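Let me begin by presenting the structure, written as structure tokens, before commenting on it.
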Amino acid sequence: MQDFEDFVALRSQALLRTAYLLCGGDKGAAEDILQDVLMSMYGKWRRIRTSPEAYARTALANAAANRWRRRSRKPEAPLELGAVPTARGHEQQIVDADSVVRALAQLPKKMRAVLVLRFFDDLSEAETARTLGCGIGTVKSQTSRGLARLRELMGEQVLTWN
């Protein structure tokens with residue numbers, strides 16, 4: 001299973017970023033769902049090794065959606081957030097990235113998944129539709145609505161996301 005180990009070594013950081021964004025910035029949840037997905041992939045490796053990246057993204061999107069469904073049945077009390085410190089210089093990129101993650105967390109799960117796959121994983125509309133099991137029209141409408149909602153949530157903030 002050397003090819004599975006190579007896949008994990010080469011792609012786990014990118015998949016963790018995807019999971020992190022799909023989980024609305026919850027690093028622990030992202031690590032958990034990625035671990036679950038990778039464990040599932042290990043058992044199915046012979047069948048999925050021709051397109052493991054696509055399988056992993058689909059599984060992550062589904063796992064994140066299932067996580068939100070479970071949480072909606074048993075809501076958690078949010079923590080009080082303190083004032084955001086003013087950042088200067090290189091720290092601004094960290095603040096911008098955090099702002100994007102917080103804004104993404106406020107979007108519905110399907111809209112968030114579309115934006116993450118399209119703009120952070122750089123998938124085409126067709127690849128995103130295939131990954132999420134929906135039509136290209138749905139991807140286009142969710143992208144348009146999602147970007148509009150992000151603009152509302154983030155205002156005129158200029159982003160330096162890398």
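By order of appearance in the structure tokens: chains A, B, ..., then residues from 1 within every chain, and ligands from 1 in the order shown.
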Skipping near chain neighbours, those fewer than 6 positions away, what residues fall within 9 Å of Ala54 of chain A using only C-alpha atoms, listed as number ranges by chain?
A: 127, 130-131
Find the residues around Leu34 of chain A up to 12 Å (only C-alpha atoms counted), leave out those fewer than 3 positions away in its own chain, and share them as a VMD selection string.
chain A and resid 8 11 to 23 27 to 31 37 to 41 56 to 64
Write the residues you've just listed into a file as a PDB file, in the first residue's frame, and include C-alpha atoms for each of them.
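part07.pdb, freshly written:
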ATOM      1  CA  VAL A   8      -1.400  10.717   2.157  1.00  0.00           C
ATOM      2  CA  ARG A  11      -2.056  15.430  -0.391  1.00  0.00           C
ATOM      3  CA  SER A  12      -2.929  15.444   3.314  1.00  0.00           C
ATOM      4  CA  GLN A  13      -2.051  19.127   3.871  1.00  0.00           C
ATOM      5  CA  ALA A  14      -4.235  20.278   0.969  1.00  0.00           C
ATOM      6  CA  LEU A  15      -7.050  17.984   2.101  1.00  0.00           C
ATOM      7  CA  LEU A  16      -6.745  19.293   5.659  1.00  0.00           C
ATOM      8  CA  ARG A  17      -7.098  22.861   4.353  1.00  0.00           C
ATOM      9  CA  THR A  18     -10.232  21.815   2.472  1.00  0.00           C
ATOM     10  CA  ALA A  19     -11.629  20.095   5.571  1.00  0.00           C
ATOM     11  CA  TYR A  20     -10.788  23.149   7.701  1.00  0.00           C
ATOM     12  CA  LEU A  21     -12.705  25.456   5.390  1.00  0.00           C
ATOM     13  CA  LEU A  22     -15.620  23.021   5.046  1.00  0.00           C
ATOM     14  CA  CYS A  23     -15.830  22.843   8.848  1.00  0.00           C
ATOM     15  CA  LYS A  27      -9.432  22.728  13.193  1.00  0.00           C
ATOM     16  CA  GLY A  28     -10.246  19.827  15.496  1.00  0.00           C
ATOM     17  CA  ALA A  29     -13.311  18.856  13.480  1.00  0.00           C
ATOM     18  CA  ALA A  30     -11.299  19.181  10.246  1.00  0.00           C
ATOM     19  CA  GLU A  31      -8.613  16.852  11.568  1.00  0.00           C
ATOM     20  CA  VAL A  37     -11.996   9.870   5.397  1.00  0.00           C
ATOM     21  CA  LEU A  38      -8.423   8.602   5.113  1.00  0.00           C
ATOM     22  CA  MET A  39      -9.264   5.531   7.203  1.00  0.00           C
ATOM     23  CA  SER A  40     -12.231   4.830   4.947  1.00  0.00           C
ATOM     24  CA  MET A  41     -10.068   5.311   1.862  1.00  0.00           C
ATOM     25  CA  ALA A  56     -11.415  12.374  -0.825  1.00  0.00           C
ATOM     26  CA  ARG A  57     -13.016  15.740  -1.643  1.00  0.00           C
ATOM     27  CA  THR A  58     -16.460  14.190  -2.031  1.00  0.00           C
ATOM     28  CA  ALA A  59     -16.052  12.287   1.225  1.00  0.00           C
ATOM     29  CA  LEU A  60     -14.853  15.435   3.044  1.00  0.00           C
ATOM     30  CA  ALA A  61     -17.809  17.477   1.774  1.00  0.00           C
ATOM     31  CA  ASN A  62     -20.219  14.738   2.877  1.00  0.00           C
ATOM     32  CA  ALA A  63     -18.515  14.327   6.258  1.00  0.00           C
ATOM     33  CA  ALA A  64     -18.653  18.083   6.899  1.00  0.00           C
TER      34      ALA A  64
END
Using only C-alpha atoms, which residues sit within 8 Å of Thr143 of chain A once same-chain residues fewer than 5 positions away are excluded, as a ChimeraX atom specification?
/A:111,114-115
Output file for the residues above (N, CA, C and O atoms, as an mmCIF file, in the first residue's frame):
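Okay, again09.cif is ready:
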data_model
loop_
_atom_site.group_PDB
_atom_site.id
_atom_site.type_symbol
_atom_site.label_atom_id
_atom_site.label_comp_id
_atom_site.auth_asym_id
_atom_site.auth_seq_id
_atom_site.Cartn_x
_atom_site.Cartn_y
_atom_site.Cartn_z
ATOM 1 N N MET A 111 -23.427 25.902 0.123
ATOM 2 C CA MET A 111 -22.830 27.106 -0.451
ATOM 3 C C MET A 111 -21.347 27.178 -0.073
ATOM 4 O O MET A 111 -20.489 27.491 -0.900
ATOM 5 N N VAL A 114 -19.354 24.632 -2.105
ATOM 6 C CA VAL A 114 -19.138 25.086 -3.486
ATOM 7 C C VAL A 114 -18.004 26.109 -3.540
ATOM 8 O O VAL A 114 -17.095 26.001 -4.368
ATOM 9 N N LEU A 115 -18.019 27.096 -2.657
ATOM 10 C CA LEU A 115 -16.977 28.121 -2.674
ATOM 11 C C LEU A 115 -15.605 27.551 -2.341
ATOM 12 O O LEU A 115 -14.606 27.914 -2.973
#
So how many Å separate atom CA of Asp3 of chain A and atom CA of Leu123 of chain A, to one decimal?
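Going from atom CA of Asp3 of chain A over to atom CA of Leu123 of chain A, I get 23.4 Å.
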Please determine, counting only C-alpha atoms, which residue among A:Asp98, A:Glu125, A:Glu152, A:Asp6 has the shortest atom-to-atom distance to Arg49 of chain A.
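Going through A:Asp98, A:Glu125, A:Glu152, A:Asp6 one by one, the smallest distance to Arg49 of chain A is for A:Asp6.
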